[in-house]
Each structure stands twice: as structure tokens, then as C-alpha cells.
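Data block for upload-v9.txt (compact mmCIF, C-alpha atoms):
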```txt
# COMPACT_ATOMS: atom_id res chain seq x y z
CA MET D 1 0.00 0.00 0.00
CA ALA D 2 2.82 2.40 0.90
CA GLU D 3 4.68 1.64 -2.32
CA ALA D 4 1.52 2.14 -4.39
CA ALA D 5 0.90 5.49 -2.70
CA ARG D 6 4.45 6.65 -3.38
CA ASP D 7 4.20 5.54 -7.02
CA ALA D 8 0.99 7.58 -7.33
CA GLY D 9 2.56 10.62 -5.70
CA ALA D 10 0.20 10.44 -2.70
CA ARG D 11 1.25 11.59 0.74
CA VAL D 12 -1.84 10.61 2.73
CA ILE D 13 -3.72 7.28 2.84
CA LEU D 14 -7.24 7.18 4.27
CA THR D 15 -8.22 3.99 6.10
CA GLY D 16 -11.57 2.75 7.39
CA HIS D 17 -10.64 1.92 10.98
CA THR D 18 -13.63 2.34 13.29
CA ALA D 19 -14.44 2.66 16.99
CA ASP D 20 -14.71 -1.14 17.11
CA ASP D 21 -11.07 -1.45 16.00
CA VAL D 22 -10.09 0.93 18.80
CA ALA D 23 -11.93 -1.11 21.44
CA GLU D 24 -10.51 -4.39 20.11
CA GLY D 25 -7.04 -2.94 20.38
CA GLU D 26 -7.67 -1.96 23.98
CA TRP D 27 -8.87 -5.49 24.74
CA MET D 28 -5.80 -7.01 23.07
CA ARG D 29 -3.42 -4.75 25.00
CA ALA D 30 -5.15 -5.73 28.24
CA GLU D 31 -4.38 -9.33 27.28
CA GLY D 32 -0.68 -8.53 26.85
CA ALA D 33 -0.44 -7.55 23.18
CA THR D 34 2.08 -4.81 22.33
CA LEU D 35 0.34 -3.24 19.34
CA GLY D 36 0.15 0.53 19.26
CA ARG D 37 -2.96 2.68 19.63
CA LEU D 38 -4.84 3.91 16.59
CA ARG D 39 -4.69 7.66 16.01
CA ARG D 40 -6.65 9.69 13.52
CA TRP D 41 -3.45 11.16 12.03
CA SER D 42 -0.19 9.24 12.23
CA PRO D 43 2.82 8.29 10.11
CA SER D 44 2.79 5.08 8.13
CA PRO D 45 4.26 2.21 10.18
CA ALA D 46 5.78 0.71 7.02
CA TRP D 47 9.47 1.57 6.95
CA PRO D 48 11.22 2.66 4.84
CA GLU D 49 8.52 2.25 2.16
CA GLY D 50 6.16 4.54 4.06
CA ARG D 51 8.62 7.37 4.72
CA GLY D 52 6.92 10.75 4.44
CA LEU D 53 3.53 9.04 4.19
CA MET D 54 0.72 9.73 6.67
CA LEU D 55 -2.38 7.74 7.56
CA LEU D 56 -5.71 9.49 8.16
CA ARG D 57 -8.54 7.55 9.82
CA PRO D 58 -11.64 9.76 9.33
CA VAL D 59 -14.23 7.29 10.71
CA LEU D 60 -12.41 6.34 13.88
CA GLU D 61 -15.37 7.47 16.01
CA GLU D 62 -17.95 5.58 13.94
CA ARG D 63 -19.19 2.05 14.60
CA ARG D 64 -18.31 -0.75 12.20
CA GLU D 65 -21.94 -1.75 11.76
CA ALA D 66 -22.91 1.85 11.01
CA LEU D 67 -20.28 1.89 8.26
CA ARG D 68 -21.68 -1.35 6.86
CA ASP D 69 -25.21 0.11 6.93
CA HIS D 70 -23.91 3.14 5.04
CA LEU D 71 -22.46 0.89 2.33
CA ARG D 72 -25.56 -1.32 2.14
CA ALA D 73 -27.80 1.71 1.66
CA ARG D 74 -25.76 2.63 -1.39
CA GLY D 75 -25.60 -0.86 -2.85
CA LEU D 76 -21.89 -1.18 -2.18
CA SER D 77 -20.09 -4.31 -1.01
CA TRP D 78 -16.91 -4.90 0.95
CA LEU D 79 -14.45 -7.67 1.73
CA GLU D 80 -14.21 -9.33 5.13
CA ASP D 81 -10.91 -10.77 6.32
CA PRO D 82 -11.77 -14.26 7.64
CA ALA D 83 -8.80 -14.10 10.01
CA ASN D 84 -10.62 -11.42 12.02
CA ALA D 85 -13.21 -14.03 13.05
CA ASP D 86 -10.64 -16.75 13.81
CA VAL D 87 -10.22 -17.05 17.59
CA ARG D 88 -6.72 -18.44 17.12
CA TYR D 89 -5.70 -14.82 16.56
CA GLY D 90 -5.88 -11.93 19.00
CA ARG D 91 -8.20 -9.84 16.81
CA GLY D 92 -10.68 -12.70 16.50
CA ARG D 93 -10.65 -13.34 20.25
CA ALA D 94 -11.17 -9.63 20.92
CA ARG D 95 -14.20 -9.47 18.62
CA ALA D 96 -15.71 -12.59 20.13
CA ALA D 97 -15.13 -11.37 23.69
CA LEU D 98 -16.57 -7.91 23.10
CA SER D 99 -19.54 -9.34 21.22
CA LYS D 100 -20.41 -11.76 24.02
CA ALA D 101 -19.86 -9.31 26.84
CA LEU D 102 -21.50 -6.25 25.36
CA PRO D 103 -23.62 -6.89 22.24
CA LEU D 104 -24.19 -4.12 19.75
CA GLU D 105 -27.49 -2.25 19.96
CA GLY D 106 -29.80 -3.96 17.47
CA GLY D 107 -27.44 -6.93 17.10
CA GLY D 108 -24.09 -7.38 15.42
CA VAL D 109 -20.48 -7.75 16.46
CA GLY D 110 -18.26 -5.50 18.56
CA GLY D 111 -20.79 -3.98 20.92
CA GLY D 112 -20.20 -1.91 24.03
CA VAL D 113 -17.22 -0.06 22.59
CA ASP D 114 -18.54 3.49 22.23
CA ALA D 115 -17.23 4.89 25.50
CA VAL D 116 -13.72 3.48 25.13
CA ALA D 117 -13.41 4.43 21.48
CA SER D 118 -14.82 7.93 21.88
CA ALA D 119 -12.52 8.65 24.83
CA GLN D 120 -9.43 7.61 22.88
CA ALA D 121 -10.53 9.43 19.75
CA ARG D 122 -10.91 12.67 21.69
CA VAL D 123 -7.41 12.30 23.09
CA THR D 124 -5.72 11.39 19.82
CA ALA D 125 -7.63 13.58 17.37
CA PRO D 126 -5.60 16.54 16.07
CA SER D 127 -7.12 19.77 14.85
CA PHE D 128 -7.27 20.46 11.12
CA GLU D 129 -7.89 24.19 11.01
CA ALA D 130 -6.88 26.16 7.96
CA PRO D 131 -3.14 26.82 8.29
CA SER D 132 -2.33 30.22 9.70
CA GLN D 133 0.69 32.25 8.69
CA ALA D 134 2.49 30.94 11.77
CA SER D 135 1.75 27.31 10.87
CA ARG D 136 3.30 27.84 7.44
CA ALA D 137 6.58 28.83 9.06
CA HIS D 138 9.47 26.44 9.46
CA PRO D 139 8.53 23.76 12.04
CA HIS D 140 11.88 24.22 13.76
CA PRO D 141 12.66 27.95 13.40
CA ARG D 142 16.31 28.08 14.38
CA PRO D 143 19.46 28.77 12.38
CA PHE D 144 21.55 25.90 11.06
CA PRO D 145 24.18 25.47 12.32
CA PRO D 146 22.62 26.65 15.59
CA GLN D 147 24.33 29.13 17.88
CA GLY D 148 27.15 27.40 19.69
CA GLY D 149 28.91 26.17 16.60
CA ARG D 150 29.15 22.97 14.71
CA GLY D 151 29.31 19.79 16.74
CA SER D 152 26.61 20.67 19.26
CA ASP D 153 24.07 17.95 19.96
CA SER D 154 21.34 19.64 17.94
CA ASP D 155 23.67 19.91 14.95
CA LEU D 156 24.40 16.22 14.36
CA ALA D 157 21.10 14.89 13.04
CA TRP D 158 22.53 14.90 9.49
CA ALA D 159 24.77 12.02 10.64
CA GLY D 160 22.01 10.12 12.46
CA VAL D 161 22.66 11.46 15.98
CA LEU D 162 19.53 12.55 17.84
CA PRO D 163 19.46 14.44 21.17
CA LEU D 164 17.25 13.14 23.94
CA SER D 165 15.90 14.54 27.19
CA ARG D 166 16.34 12.64 30.43
CA ASP D 167 12.68 13.22 31.28
CA ALA D 168 11.39 11.91 27.95
CA SER D 169 8.12 10.01 28.08
CA ALA D 170 8.12 6.31 27.22
CA SER D 171 6.53 7.05 23.83
CA ALA D 172 9.07 9.76 23.00
CA LEU D 173 11.97 7.54 24.09
CA ALA D 174 10.67 4.68 21.95
CA ALA D 175 10.31 7.04 18.97
CA VAL D 176 13.87 8.34 19.31
CA LEU D 177 15.28 4.82 19.57
CA LEU D 178 13.28 3.68 16.55
CA CYS D 179 14.44 6.62 14.43
CA ALA D 180 18.07 6.41 15.53
CA GLY D 181 18.20 2.66 14.93
CA GLY D 182 16.41 2.76 11.58
CA GLY D 183 14.17 -0.19 12.39
CA ALA D 184 10.48 -0.78 11.77
CA THR D 185 9.26 -1.91 15.20
CA PRO D 186 9.46 0.39 18.25
CA PRO D 187 10.74 -0.97 21.57
CA ARG D 188 8.17 -1.67 24.27
CA GLY D 189 7.88 -3.46 27.58
CA ASP D 190 10.29 -3.92 30.46
CA ARG D 191 13.51 -3.04 28.63
CA LEU D 192 12.10 0.30 27.55
CA ALA D 193 10.81 0.98 31.07
CA VAL D 194 14.21 0.19 32.59
CA LEU D 195 15.96 2.49 30.14
CA GLN D 196 13.50 5.29 30.89
CA PHE D 197 14.10 4.85 34.64
CA ARG D 198 17.89 4.97 34.20
CA LEU D 199 17.62 8.19 32.23
CA ALA D 200 15.29 9.82 34.74
CA SER D 201 17.53 8.81 37.66
CA GLY D 202 20.44 10.82 36.22
CA GLU D 203 22.66 7.76 35.77
CA ASP D 204 25.57 7.99 33.33
CA PHE D 205 25.58 4.93 31.10
CA THR D 206 25.72 3.50 27.60
CA ALA D 207 23.02 1.05 26.51
CA VAL D 208 21.73 -0.55 23.32
CA LEU D 209 18.09 -1.17 22.47
CA CYS D 210 16.22 -1.57 19.19
CA GLY D 211 19.45 -1.27 17.19
CA ALA D 212 20.13 2.14 18.72
CA ARG D 213 22.84 3.20 21.12
CA ILE D 214 22.10 5.57 24.00
CA GLU D 215 25.01 7.52 25.48
CA ALA D 216 24.06 9.39 28.66
CA SER D 217 26.57 11.60 30.44
CA GLY D 218 25.33 14.35 32.73
CA ALA D 219 22.74 16.47 30.97
CA ARG D 220 23.84 15.21 27.55
CA VAL D 221 21.95 12.22 26.17
CA ARG D 222 22.37 11.17 22.56
CA ALA D 223 20.92 8.35 20.49
CA MET D 224 22.59 6.91 17.40
CA ARG D 225 22.96 3.66 15.48
CA GLU D 226 24.83 0.90 17.26
CA PRO D 227 27.50 -0.27 14.77
CA GLY D 228 27.96 -3.53 16.67
CA GLU D 229 24.54 -4.58 15.38
CA TRP D 230 26.08 -5.26 11.98
CA ARG D 231 28.22 -7.99 13.52
CA ARG D 232 25.16 -9.61 15.09
CA ARG D 233 22.84 -9.02 12.15
CA PRO D 234 24.89 -8.40 9.00
CA VAL D 235 23.33 -6.05 6.45
CA ALA D 236 24.20 -6.61 2.79
CA PRO D 237 25.69 -3.64 0.91
CA LEU D 238 23.11 -1.66 -1.09
CA ASP D 239 23.71 -1.26 -4.83
CA LEU D 240 22.70 2.17 -6.12
CA THR D 241 20.94 2.87 -9.40
CA PRO D 242 21.81 6.29 -10.84
CA GLY D 243 19.01 8.79 -10.36
CA VAL D 244 16.96 6.51 -8.07
CA ALA D 245 16.67 7.32 -4.37
CA ALA D 246 17.44 4.35 -2.13
CA VAL D 247 17.18 3.97 1.64
CA TRP D 248 20.18 2.48 3.42
CA ASP D 249 19.89 1.02 6.92
CA GLY D 250 16.51 2.69 7.40
CA ARG D 251 18.32 5.96 8.22
CA PHE D 252 19.59 7.65 5.07
CA GLU D 253 18.04 8.31 1.67
CA ILE D 254 20.82 8.34 -0.90
CA THR D 255 20.71 9.40 -4.55
CA THR D 256 23.66 9.46 -6.94
CA ASP D 257 24.14 10.07 -10.64
CA GLN D 258 27.24 7.89 -10.79
CA PRO D 259 27.06 4.22 -11.84
CA GLY D 260 28.77 1.28 -10.16
CA LEU D 261 28.46 2.44 -6.53
CA ARG D 262 27.22 0.58 -3.49
CA VAL D 263 26.56 1.76 0.06
CA ASP D 264 28.07 0.16 3.13
CA THR D 265 29.01 1.12 6.66
CA ALA D 266 32.14 3.11 7.48
CA ALA D 267 33.04 0.59 10.21
CA GLY D 268 36.36 -0.96 9.25
CA ARG D 269 36.90 1.57 6.46
CA LEU D 270 37.62 4.80 8.31
CA ALA D 271 41.35 4.45 7.63
CA GLN D 272 40.60 4.39 3.88
CA LEU D 273 38.98 7.81 3.99
CA SER D 274 40.84 11.00 3.18
CA ASP D 275 42.11 13.29 5.92
CA GLN D 276 39.35 15.78 5.14
CA GLU D 277 36.68 13.11 5.26
CA ARG D 278 37.89 11.94 8.64
CA ALA D 279 37.98 15.55 9.81
CA ALA D 280 34.34 15.96 8.72
CA LEU D 281 33.43 13.05 10.98
CA SER D 282 35.62 14.14 13.89
CA GLY D 283 32.81 16.00 15.63
CA LEU D 284 30.68 12.85 15.85
CA PRO D 285 30.68 10.27 18.64
CA PRO D 286 32.88 7.30 17.64
CA ALA D 287 29.86 5.01 17.22
CA ALA D 288 28.24 7.47 14.82
CA ARG D 289 31.45 7.68 12.76
CA ALA D 290 31.47 3.91 12.36
CA ALA D 291 27.77 3.89 11.43
CA ALA D 292 28.12 6.55 8.73
CA PRO D 293 27.40 5.51 5.12
CA VAL D 294 30.26 5.19 2.64
CA LEU D 295 30.16 4.58 -1.09
CA ILE D 296 32.28 1.78 -2.55
CA ASP D 297 33.25 1.92 -6.22
CA GLY D 298 34.11 -0.96 -8.55
CA ALA D 299 37.74 -0.88 -7.45
CA GLY D 300 36.77 -1.21 -3.79
CA ARG D 301 37.67 2.40 -2.91
CA ALA D 302 35.60 3.97 -0.14
CA ARG D 303 34.54 7.57 0.30
CA LEU D 304 31.95 9.23 2.47
CA ALA D 305 28.51 9.07 0.87
CA TRP D 306 28.08 12.87 1.13
CA ARG D 307 30.99 13.37 -1.28
CA ALA D 308 29.47 11.52 -4.25
CA ALA D 309 25.74 11.54 -3.60
CA GLN D 310 22.81 13.48 -2.22
CA VAL D 311 22.26 12.17 1.29
CA ARG D 312 19.27 12.99 3.46
CA ALA D 313 19.11 11.81 7.05
CA LEU D 314 15.65 10.39 7.73
CA GLY D 315 15.71 10.21 11.52
CA LEU D 316 14.82 13.83 12.23
CA ARG D 317 11.77 13.97 9.94
CA ARG D 318 10.62 10.52 11.02
CA LEU D 319 10.83 11.60 14.65
CA ALA D 320 8.90 14.82 14.01
CA LEU D 321 6.07 12.83 12.43
CA ALA D 322 6.11 10.05 15.05
CA LEU D 323 5.68 12.21 18.14
CA PRO D 324 2.14 12.57 19.52
CA PRO D 325 0.36 15.92 19.21
CA ALA D 326 1.50 17.28 22.57
CA GLU D 327 5.09 16.73 21.55
CA GLY D 328 5.05 18.24 18.09
CA GLU D 329 3.13 16.05 15.67
CA THR D 330 2.66 17.47 12.17
CA THR D 331 -1.06 17.92 11.54
CA GLN D 332 -0.84 19.82 8.25
CA GLU D 333 -0.13 18.01 4.99
CA ALA D 334 2.17 20.87 3.96
CA GLY D 335 4.43 19.93 6.86
CA LEU D 336 5.35 16.71 5.08
CA PHE D 337 7.23 18.70 2.44
CA GLN D 338 9.12 21.21 4.54
CA THR D 339 12.86 20.88 4.83
CA LEU D 340 13.99 20.32 8.39
CA HIS D 341 17.14 21.86 9.74
CA GLY D 342 19.65 19.07 10.24
CA GLU D 343 18.56 16.68 7.49
CA THR D 344 21.67 17.59 5.53
CA PRO D 345 25.08 18.67 6.82
CA PRO D 346 26.28 22.29 6.91
CA SER D 347 27.05 23.42 3.37
CA ASP D 348 30.76 23.89 4.03
CA LEU D 349 31.36 20.55 5.74
CA PHE D 350 32.03 18.62 2.53
CA SER D 351 33.06 21.47 0.26
CA GLY D 352 36.80 20.76 0.05
CA GLU D 353 37.88 19.46 -3.37
CA ASP D 354 40.37 17.05 -1.83
CA CYS D 355 37.73 15.56 0.46
```

Rewrite the structure from the file as C-alpha cells, please.
Amino acid sequence: MAEAARDAGARVILTGHTADDVAEGEWMRAEGATLGRLRRWSPSPAWPEGRGLMLLRPVLEERREALRDHLRARGLSWLEDPANADVRYGRGRARAALSKALPLEGGGVGGGVDAVASAQARVTAPSFEAPSQASRAHPHPRPFPPQGGRGSDSDLAWAGVLPLSRDASASALAAVLLCAGGGATPPRGDRLAVLQFRLASGEDFTAVLCGARIEASGARVRAMREPGEWRRRPVAPLDLTPGVAAVWDGRFEITTDQPGLRVDTAAGRLAQLSDQERAALSGLPPAARAAAPVLIDGAGRARLAWRAAQVRALGLRRLALALPPAEGETTQEAGLFQTLHGETPPSDLFSGEDC
């Protein structure tokens, strides 16, 4: 679905999730499932195929049977997924349990869900007012590089390093780890709770979760890719097609006009880079240097990806879209197209001809 939307040039997919889906999700979570909550406006969970793609659920406060009645009245049909009625699966058990406990008014499946669904919908529903002049402004109105000079924590997102607050909520912490690690499934459960507690306690530590590395020292907390993950779960080099954007490691979108190049990690290749290339990486934490993308030519020579390609860091934008409304969610479609400070490096960082 995400690939079809991108091919069509769409940025928003509308889905028919209803209040019954919300209540079934609540039931499944109460039974120990780790699926996320449905929101009216949220980023696509497909990654990296769904990058920059949002999901809108306009009937999240409606009942499933009411939607069926609407279709019947217009002579329209629909498809039912038989797995949703199979009690071997969590969704099927949730529907059966809710139907037996609280039948729908007038009959049907999924009854007794209005209160739960409406309460969640009110919490998760963003506003969609016409954009004001202020909302058209840059979502992060600060200079790049920010005051304080290159190398500050807020100036390293171009290389996949994301700053983090010690008092971050569990959802925000999970989002940062997901974006820094480039994966598709956010961390949940006890390990996330322990990490959140260690941050809030002020402890200095280094930890790895969800393919991301957290380095906490005093007030500074940074998240980045853990390069050791490649030893545990090797990732094959990515061959580039000239003129076609490709996503490497779930963290960088890379486009080149040169043939015969592939992308791989800088780990084990830093010594092959030029002095200027190594200097460009010198302001990064060592783990981030090793996790940087390099391009390998047909002769096996390595150079930093930024020197021979257009490279856009995806973590910052993905994080901005993943955060809930209270923490900065984009609720205007125009926000999907705005350039974020930090997606690309400072213009002079890779300007040297010898680099």
C-alpha cells in the first residue's frame, strides 16, 4: 500500500478503521499484546517504504456496523478478512469477547465499545484548522548550524545522531530509539521501562536497544545507530541505481548520478577515507562515525557518501512525524514537504575538493 501510494505521488492514505477497532485494540493490550494505539493522524508504520507518508482515519469514532449500513444503503459491497473471526488470533478473540460481553445495539459484532473508542478518539484527534501564517513557518525555526557552533548535539542529526531529554516520556523515548536505529518496530515493555528509569535517575551509562545506542553523560543524552549490530545481524551492501533514491539502513536516503556504486558502513573503512573526510566526521561520537554511510566503487575504494551523492538523514523527519500531538506532531499536509534543519550537513562541511 505504501509503495503504491508513493508511485501515485500520494502523501496521505485514508483507512476505514472504526471505533470497534479501537476497542478491540484496547482489549488485546489488556491481554498482553504490544500493538500501538490507533490515532486519527499518524505516520505510516511501514518503513522505509512509508517514509513521508501519513495515515488518516476519518471514521475512527464511527461504529463498524454503522459503516456497513452506510455501504448497504448505497448498494456497495466490501471484503471481510476471515482471520478477524478466527479465535486463534488476538483480533478474533477480541471481537468474540466484546460481542459476548457487550452486544451491539440492534445486534451485530463488537458492541459496548462506544465509551472506550470515543474517549481515545478525543485524546488522539488533532485539529485540522486552515493553516495560519504561523503554521506555514518552518517547524523548527532556528538557524543551522545553531548558535554554539558545529558539533553541538542539535547539529548532528545529518549524521544520524539525535538528542534526547532525560525526562522523555516512554513514547518519546521509543520514537527516538526507533528513528536512531532505523528499524520498523518500536521498543516496548520492560527493557524500555528500565531504560527510561535509568535516564530519569540521572545515571551515566551506555546502553543498546532496538538497534540504537544511547550515550548518557550528565545532561547530555544522545541516540545513534549501534554499529555492533552489523556484527550480530549483517546487512548486505546496497547497490545504487543512478538517479533513483534508495534507503540504506533505514536511516539515510541516498541518490547518486554515478554508476557502479554501493553503500556500506564506514566501520572498518575509516582508515581508507581521506584526511578531510575523517575531519568531517571528527565531531561525531565514535559510534556514529562507524555507522556513517560510505560509497564503494568498482575498485573497492571507499569515500563518504556525502561526497558523491545526495544524502538525506531520515531520523529527524521521522521523529517529528512520530511524536504525539502534545510533543510536536505534524497535523498539516504541507508539513510533510518542509525541509527540516539538520537533514543535511552544513554546506561547508564537505566542500573541500580534496575531500

Shortest interatomic distance to Leu156 (chain D) - which of D:Gly32, D:Gly75, D:Pro293, D:Pro285, counting only C-alpha atoms: D:Pro285

Pick from D:Met28, D:Val12, D:Ala320, D:Ala308, whichever lies nearest to Arg93 (chain D) using only C-alpha atoms: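 The answer is D:Met28, which sits nearest to Arg93 (chain D).
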
Selection near Leu199 (chain D), 9 Å with only C-alpha atoms, sequence-local residues under 4 positions removed, as a PyMOL selection string: chain D and resi 165-168+194-195+203-205+216+221

As AutoDock Vina command-line options, please report the centre and edge lengths, rounded to one decimal in Å, of the axis-aligned box that holds all listed atoms of region 77-86 of chain D with 3 Å of padding on each of the six sides.
```
--center_x -14.4 --center_y -10.5 --center_z 6.4 --size_x 17.3 --size_y 18.4 --size_z 20.8
```

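Restricting the calculation to only C-alpha atoms, the smallest distance between Glu65 (chain D) and any of D:Glu26, D:Glu229, D:Glu215, D:Asp21 is found for D:Asp21.
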
Distance of CA of Leu38 (chain D) from CA of Val87 (chain D), expressed in Å to one decimal place: 21.7 Å

Residue among D:Leu55, D:Ala46, D:Leu71, D:Leu162 lying closest to Arg213 (chain D), counting all atoms listed in the file: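 The answer is D:Leu162, which sits nearest to Arg213 (chain D).
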